[in-house]
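Student: If it helps, the file is called final_6.pdb and holds PDB, C-alpha atoms and all ligand atoms:
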```pdb
ATOM      1  CA  MET A  45     130.910   4.667 168.287
ATOM      2  CA  LYS A  46     133.256   4.185 165.375
ATOM      3  CA  GLU A  47     136.638   2.596 165.584
ATOM      4  CA  PHE A  48     139.485   3.480 163.214
ATOM      5  CA  ASN A  49     142.795   1.797 162.573
ATOM      6  CA  LEU A  50     145.415   4.325 161.554
ATOM      7  CA  THR A  51     148.197   2.915 159.417
ATOM      8  CA  THR A  52     151.579   4.313 158.519
ATOM      9  CA  LYS A  53     154.327   3.349 156.090
ATOM     10  CA  MET A  54     157.936   2.663 157.009
ATOM     11  CA  ARG A  55     160.700   0.801 155.194
ATOM     12  CA  SER A  56     163.626  -1.012 156.783
ATOM     13  CA  TYR A  57     166.986  -1.080 154.957
ATOM     14  CA  GLN A  58     170.501  -2.385 155.367
ATOM     15  CA  TRP A  59     173.295   0.181 154.964
ATOM     16  CA  ASN A  60     174.357  -1.042 151.513
ATOM     17  CA  GLU A  61     170.790  -0.731 150.246
ATOM     18  CA  LEU A  62     170.714   3.019 150.883
ATOM     19  CA  THR A  63     171.456   5.613 148.204
ATOM     20  CA  GLU A  64     174.707   7.617 148.336
ATOM     21  CA  GLU A  65     172.685  10.640 149.398
ATOM     22  CA  GLN A  66     171.030   8.805 152.280
ATOM     23  CA  GLN A  67     174.382   7.422 153.410
ATOM     24  CA  GLU A  68     175.938  10.884 153.331
ATOM     25  CA  VAL A  69     173.164  12.380 155.468
ATOM     26  CA  LEU A  70     173.455   9.532 157.972
ATOM     27  CA  ARG A  71     177.246   9.850 158.098
ATOM     28  CA  VAL A  72     176.827  13.475 159.155
ATOM     29  CA  ALA A  73     174.173  12.507 161.741
ATOM     30  CA  LYS A  74     176.461   9.782 163.112
ATOM     31  CA  SER A  75     179.495  12.047 163.361
ATOM     32  CA  GLN A  76     177.384  14.714 165.073
ATOM     33  CA  THR A  77     176.824  12.398 168.038
ATOM     34  CA  GLU A  78     180.432  13.246 168.962
ATOM     35  CA  HIS A  79     179.367  16.864 169.510
ATOM     36  CA  SER A  80     176.373  16.074 171.720
ATOM     37  CA  TYR A  81     176.368  17.796 175.074
ATOM     38  CA  CYS A  82     174.696  15.136 177.200
ATOM     39  CA  PRO A  83     176.364  14.965 180.638
ATOM     40  CA  TYR A  84     173.059  13.922 182.250
ATOM     41  CA  SER A  85     171.680  11.192 179.994
ATOM     42  CA  HIS A  86     174.934  10.127 178.276
ATOM     43  CA  PHE A  87     172.668   9.482 175.305
ATOM     44  CA  HIS A  88     174.228  11.091 172.243
ATOM     45  CA  VAL A  89     171.871  11.991 169.420
ATOM     46  CA  GLY A  90     173.043  13.395 166.096
ATOM     47  CA  ALA A  91     170.922  14.794 163.301
ATOM     48  CA  ALA A  92     171.526  16.090 159.791
ATOM     49  CA  ALA A  93     169.090  18.093 157.681
ATOM     50  CA  LYS A  94     169.716  18.131 153.934
ATOM     51  CA  LEU A  95     168.322  21.186 152.203
ATOM     52  CA  GLY A  96     167.066  21.752 148.681
ATOM     53  CA  ASN A  97     170.323  23.511 147.780
ATOM     54  CA  GLY A  98     172.329  20.469 148.879
ATOM     55  CA  VAL A  99     173.677  21.972 152.102
ATOM     56  CA  ILE A 100     173.609  19.623 155.110
ATOM     57  CA  ILE A 101     172.927  21.281 158.465
ATOM     58  CA  PRO A 102     174.055  19.260 161.488
ATOM     59  CA  GLY A 103     172.545  19.230 164.957
ATOM     60  CA  CYS A 104     172.927  17.323 168.214
ATOM     61  CA  ASN A 105     171.250  17.191 171.600
ATOM     62  CA  GLN A 106     172.134  19.943 174.068
ATOM     63  CA  GLU A 107     171.309  19.188 177.700
ATOM     64  CA  ASN A 108     171.036  21.503 180.677
ATOM     65  CA  ALA A 109     171.142  21.148 184.481
ATOM     66  CA  ALA A 110     167.635  22.612 184.347
ATOM     67  CA  TYR A 111     166.462  19.643 182.289
ATOM     68  CA  PRO A 112     163.639  21.138 180.193
ATOM     69  CA  SER A 113     165.984  23.866 178.964
ATOM     70  CA  GLY A 114     167.838  21.383 176.765
ATOM     71  CA  LEU A 115     167.011  20.576 173.168
ATOM     72  CA  CYS A 116     166.893  17.422 171.050
ATOM     73  CA  ALA A 117     169.188  16.868 168.085
ATOM     74  CA  GLU A 118     166.408  16.954 165.498
ATOM     75  CA  ARG A 119     165.119  20.335 166.590
ATOM     76  CA  SER A 120     168.668  21.702 166.893
ATOM     77  CA  ALA A 121     169.255  20.828 163.240
ATOM     78  CA  LEU A 122     165.856  21.953 161.938
ATOM     79  CA  PHE A 123     165.906  25.274 163.790
ATOM     80  CA  ALA A 124     169.483  25.952 162.653
ATOM     81  CA  ALA A 125     168.403  25.194 159.075
ATOM     82  CA  GLY A 126     165.471  27.591 159.396
ATOM     83  CA  ALA A 127     167.732  30.287 160.825
ATOM     84  CA  GLN A 128     170.464  29.973 158.206
ATOM     85  CA  TYR A 129     168.461  29.101 155.087
ATOM     86  CA  PRO A 130     164.851  30.181 155.672
ATOM     87  CA  GLU A 131     164.005  29.858 151.980
ATOM     88  CA  GLN A 132     165.372  26.348 151.543
ATOM     89  CA  PRO A 133     163.133  23.296 151.977
ATOM     90  CA  VAL A 134     164.437  20.458 154.124
ATOM     91  CA  LYS A 135     164.436  17.394 151.893
ATOM     92  CA  MET A 136     165.909  14.794 154.213
ATOM     93  CA  LEU A 137     166.516  14.419 157.950
ATOM     94  CA  GLY A 138     168.854  11.754 159.332
ATOM     95  CA  ILE A 139     169.083  10.761 162.996
ATOM     96  CA  ALA A 140     171.524   8.503 164.859
ATOM     97  CA  CYS A 141     171.863   7.596 168.550
ATOM     98  CA  PHE A 142     175.044   6.565 170.373
ATOM     99  CA  THR A 143     175.231   5.293 173.937
ATOM    100  CA  GLY A 144     177.341   2.890 175.977
ATOM    101  CA  GLY A 145     180.180   3.104 173.445
ATOM    102  CA  HIS A 146     178.205   2.175 170.345
ATOM    103  CA  PHE A 147     175.432   3.235 168.016
ATOM    104  CA  THR A 148     172.097   1.756 168.995
ATOM    105  CA  LYS A 149     171.182  -1.517 167.268
ATOM    106  CA  GLU A 150     167.588  -0.423 166.830
ATOM    107  CA  PRO A 151     166.964   3.044 165.406
ATOM    108  CA  GLY A 152     166.154   5.720 167.972
ATOM    109  CA  SER A 153     162.615   7.029 167.720
ATOM    110  CA  PRO A 154     162.109  10.807 167.637
ATOM    111  CA  CYS A 155     160.175  12.290 170.563
ATOM    112  CA  GLY A 156     156.732  13.802 170.076
ATOM    113  CA  ALA A 157     157.946  17.411 170.164
ATOM    114  CA  CYS A 158     160.486  16.698 167.426
ATOM    115  CA  ARG A 159     157.841  14.986 165.311
ATOM    116  CA  GLN A 160     155.657  18.063 165.617
ATOM    117  CA  VAL A 161     158.544  20.302 164.504
ATOM    118  CA  MET A 162     159.312  17.948 161.598
ATOM    119  CA  LEU A 163     155.687  18.286 160.535
ATOM    120  CA  GLU A 164     155.803  22.067 160.702
ATOM    121  CA  THR A 165     158.984  22.032 158.598
ATOM    122  CA  GLU A 166     157.412  19.804 156.000
ATOM    123  CA  HIS A 167     154.251  21.876 155.943
ATOM    124  CA  ARG A 168     156.160  25.146 155.760
ATOM    125  CA  TYR A 169     157.915  24.177 152.537
ATOM    126  CA  GLY A 170     155.027  22.258 151.025
ATOM    127  CA  GLY A 171     156.928  19.098 150.132
ATOM    128  CA  LYS A 172     157.852  15.810 151.693
ATOM    129  CA  MET A 173     160.814  15.491 154.026
ATOM    130  CA  GLU A 174     162.273  11.992 154.116
ATOM    131  CA  VAL A 175     163.231  10.831 157.616
ATOM    132  CA  LEU A 176     166.042   8.305 158.127
ATOM    133  CA  LEU A 177     166.489   6.627 161.515
ATOM    134  CA  TYR A 178     169.856   4.945 161.848
ATOM    135  CA  GLY A 179     170.358   1.675 163.719
ATOM    136  CA  GLU A 180     173.297  -0.727 163.509
ATOM    137  CA  ASP A 181     170.969  -3.594 162.570
ATOM    138  CA  ALA A 182     168.528  -1.668 160.376
ATOM    139  CA  ILE A 183     167.793   1.790 159.033
ATOM    140  CA  TYR A 184     164.173   2.883 159.043
ATOM    141  CA  VAL A 185     163.062   5.191 156.255
ATOM    142  CA  PHE A 186     159.886   7.281 156.289
ATOM    143  CA  GLU A 187     158.981   8.963 153.007
ATOM    144  CA  SER A 188     157.392  11.831 154.853
ATOM    145  CA  ALA A 189     157.490  13.268 158.378
ATOM    146  CA  ALA A 190     153.691  12.930 158.317
ATOM    147  CA  ASP A 191     154.169   9.149 158.498
ATOM    148  CA  LEU A 192     155.585   9.651 161.992
ATOM    149  CA  LEU A 193     152.632  11.620 163.308
ATOM    150  CA  PRO A 194     149.021  10.740 162.533
ATOM    151  CA  LEU A 195     146.283  13.322 163.089
ATOM    152  CA  ILE A 196     148.667  16.188 162.518
ATOM    153  CA  PHE A 197     148.239  19.646 163.957
ATOM    154  CA  VAL A 198     149.272  22.301 161.449
ATOM    155  CA  SER A 199     148.438  25.940 160.697
ATOM    156  CA  GLU A 200     145.063  25.100 159.096
ATOM    157  CA  ASN A 201     143.879  23.633 162.384
ATOM    158  CA  LEU A 202     144.256  27.043 164.014
ATOM    159  CA  LYS A 203     141.510  28.370 161.740
ATOM    160  CA  GLY A 204     139.006  25.982 163.306
TER
HETATM  161  N1  LIG A 301     166.821  13.144 172.437
HETATM  162  C1  LIG A 301     166.991  13.665 171.189
HETATM  163  O1  LIG A 301     167.972  14.376 170.922
HETATM  164  N2  LIG A 301     166.064  13.366 170.251
HETATM  165  C2  LIG A 301     164.936  12.639 170.478
HETATM  166  O2  LIG A 301     164.082  12.565 169.618
HETATM  167  C3  LIG A 301     164.777  11.918 171.731
HETATM  168  C4  LIG A 301     165.712  12.294 172.806
HETATM  169  C5  LIG A 301     167.784  13.492 173.468
HETATM  170  C6  LIG A 301     167.240  14.393 174.534
HETATM  171  C7  LIG A 301     168.159  14.086 175.694
HETATM  172  O3  LIG A 301     169.306  14.904 175.571
HETATM  173  C8  LIG A 301     168.564  12.642 175.464
HETATM  174  O4  LIG A 301     168.229  12.329 174.122
HETATM  175  C9  LIG A 301     167.872  11.655 176.388
HETATM  176  O5  LIG A 301     166.503  11.794 176.338
END
```
Show the structure stored in the file as structure tokens.
Ligand code: THU
Tutor:
Amino acid sequence: MKEFNLTTKMRSYQWNELTEEQQEVLRVAKSQTEHSYCPYSHFHVGAAAKLGNGVIIPGCNQENAAYPSGLCAERSALFAAGAQYPEQPVKMLGIACFTGGHFTKEPGSPCGACRQVMLETEHRYGGKMEVLLYGEDAIYVFESAADLLPLIFVSENLKG
């Protein structure tokens, strides 16, 4: 038996330590929480994907009475980006969560399915996608989506 410790890298920032570009992406993610359709969870999630050409594609969670039919904010934004600008890499993805009348103090953590889609996006364009998780008390920054998902499953794995 061998035991492994898998490590990952994450940085924690205050708002005024972020670059203008990071702040802009997070502003879009935050404002997108107002468009969330979340009558069941009342948990508003906004996302913003910044592309290589500078365009920012927004997304937000879309719920459904048949629960699994809904979609998370991150995937809404990434799939919309892929549909509208299939040739453009996604350079940055910002996420913000709003519930109970305020943005969450701690950053919201993307679900497993969204992490997998982030990985596919990063892999598809062959470059790193920075992920920004907004919280009122701290903003977590991951240099690459791969830092959110160890032991990734990507197209090469299908070849065996
Ligand atoms: N949600 C997201 O939009 N992104 C995530 O990564 C986690 C969860 C949404 C799905 C659902 O509409 C609500 O948050 C509560 O789970």
Student: Given the choices A:Lys135, A:His86, A:Ala121, A:Ser113, which gets closest to Gly98 in chain A if the distance is worked out from all atoms listed in the file?
Tutor: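 Under the stated criterion, the closest residue is A:Lys135.
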Student: Taking all atoms listed in the file into account, name the residue in A:Phe48, A:Phe147, A:Phe123, A:Phe142 that is nearest to ligand LIG 301 (chain A).
Tutor: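 For ligand LIG 301 (chain A), the nearest of the given residues is A:Phe142.
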Student: On this file, the PyMOL selection byres (((chain A and resi 82) around 12) and not hetatm) gives some set of residues; write that set as a VMD selection string.
Tutor: chain A and resid 77 to 81 83 to 90 104 to 109 111 114 to 117 141 to 143
Student: My list of candidates is A:Pro112, A:Pro133, A:Gly156, A:Pro102. Which is closest to Gly170 in chain A when distances are computed with only C-alpha atoms?
Tutor: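 Using only C-alpha atoms, Gly170 in chain A sits closest to A:Pro133.
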Student: Between CA of Arg168 in chain A and CA of Gly204 in chain A, what is the distance in Å, rounded to a tenth?
Tutor: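 One can read the CA of Arg168 in chain A to CA of Gly204 in chain A distance as 18.8 Å.
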Student: Give the centre and edge lengths of an axis-aligned box, in Å to one decimal, that holds all listed atoms of ligand LIG 301 (chain A) with 4 Å on each side, as JSON.
Tutor:
```
{"center_x": 166.7, "center_y": 13.3, "center_z": 173.0, "size_x": 13.2, "size_y": 11.2, "size_z": 14.8}
```
Student: For the provided coordinates, the residues matched by the PyMOL selection byres (((chain A and resi 93) around 12) and not hetatm) should be stated as a count of residues only.
Tutor: 50
Student: Which residue gives the smallest distance to ligand LIG 301 (chain A) among A:Asn60, A:Thr51, A:Gln67, A:Ser153, with all atoms listed in the file counted?
Tutor: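 Checking each of A:Asn60, A:Thr51, A:Gln67, A:Ser153 against ligand LIG 301 (chain A), counting all atoms listed in the file, the winner is A:Ser153.
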Student: For the structure shown, which residues end up in the PyMOL selection byres (((chain A and resi 180) around 8) and not hetatm)? Put them as a count of residues only, please?
Tutor: 10
Student: Point out the residue among A:Leu202, A:Glu64, A:Pro194, A:Pro154 with the least atom-to-atom distance to ligand LIG 301 (chain A), counting all atoms listed in the file.
Tutor: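 Of A:Leu202, A:Glu64, A:Pro194, A:Pro154, the one nearest ligand LIG 301 (chain A), counting all atoms listed in the file, is A:Pro154.
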Student: CA of Ala190 in chain A and atom C1 of ligand LIG 301 (chain A) are how many Å apart?
Tutor: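 Interatomic distance here is 18.5 Å.
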Student: Rounded to one decimal in Å, what is the spacing between CA of Gly152 in chain A and CA of Gly171 in chain A?
Tutor: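 Here the two named atoms are 24.1 Å from each other.
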Student: Pick the closest to ligand LIG 301 (chain A) from A:Val185, A:Ile196, A:Cys155, A:Leu62: which is it, counting all atoms listed in the file?
Tutor: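 For ligand LIG 301 (chain A), the nearest of the candidates is A:Cys155.
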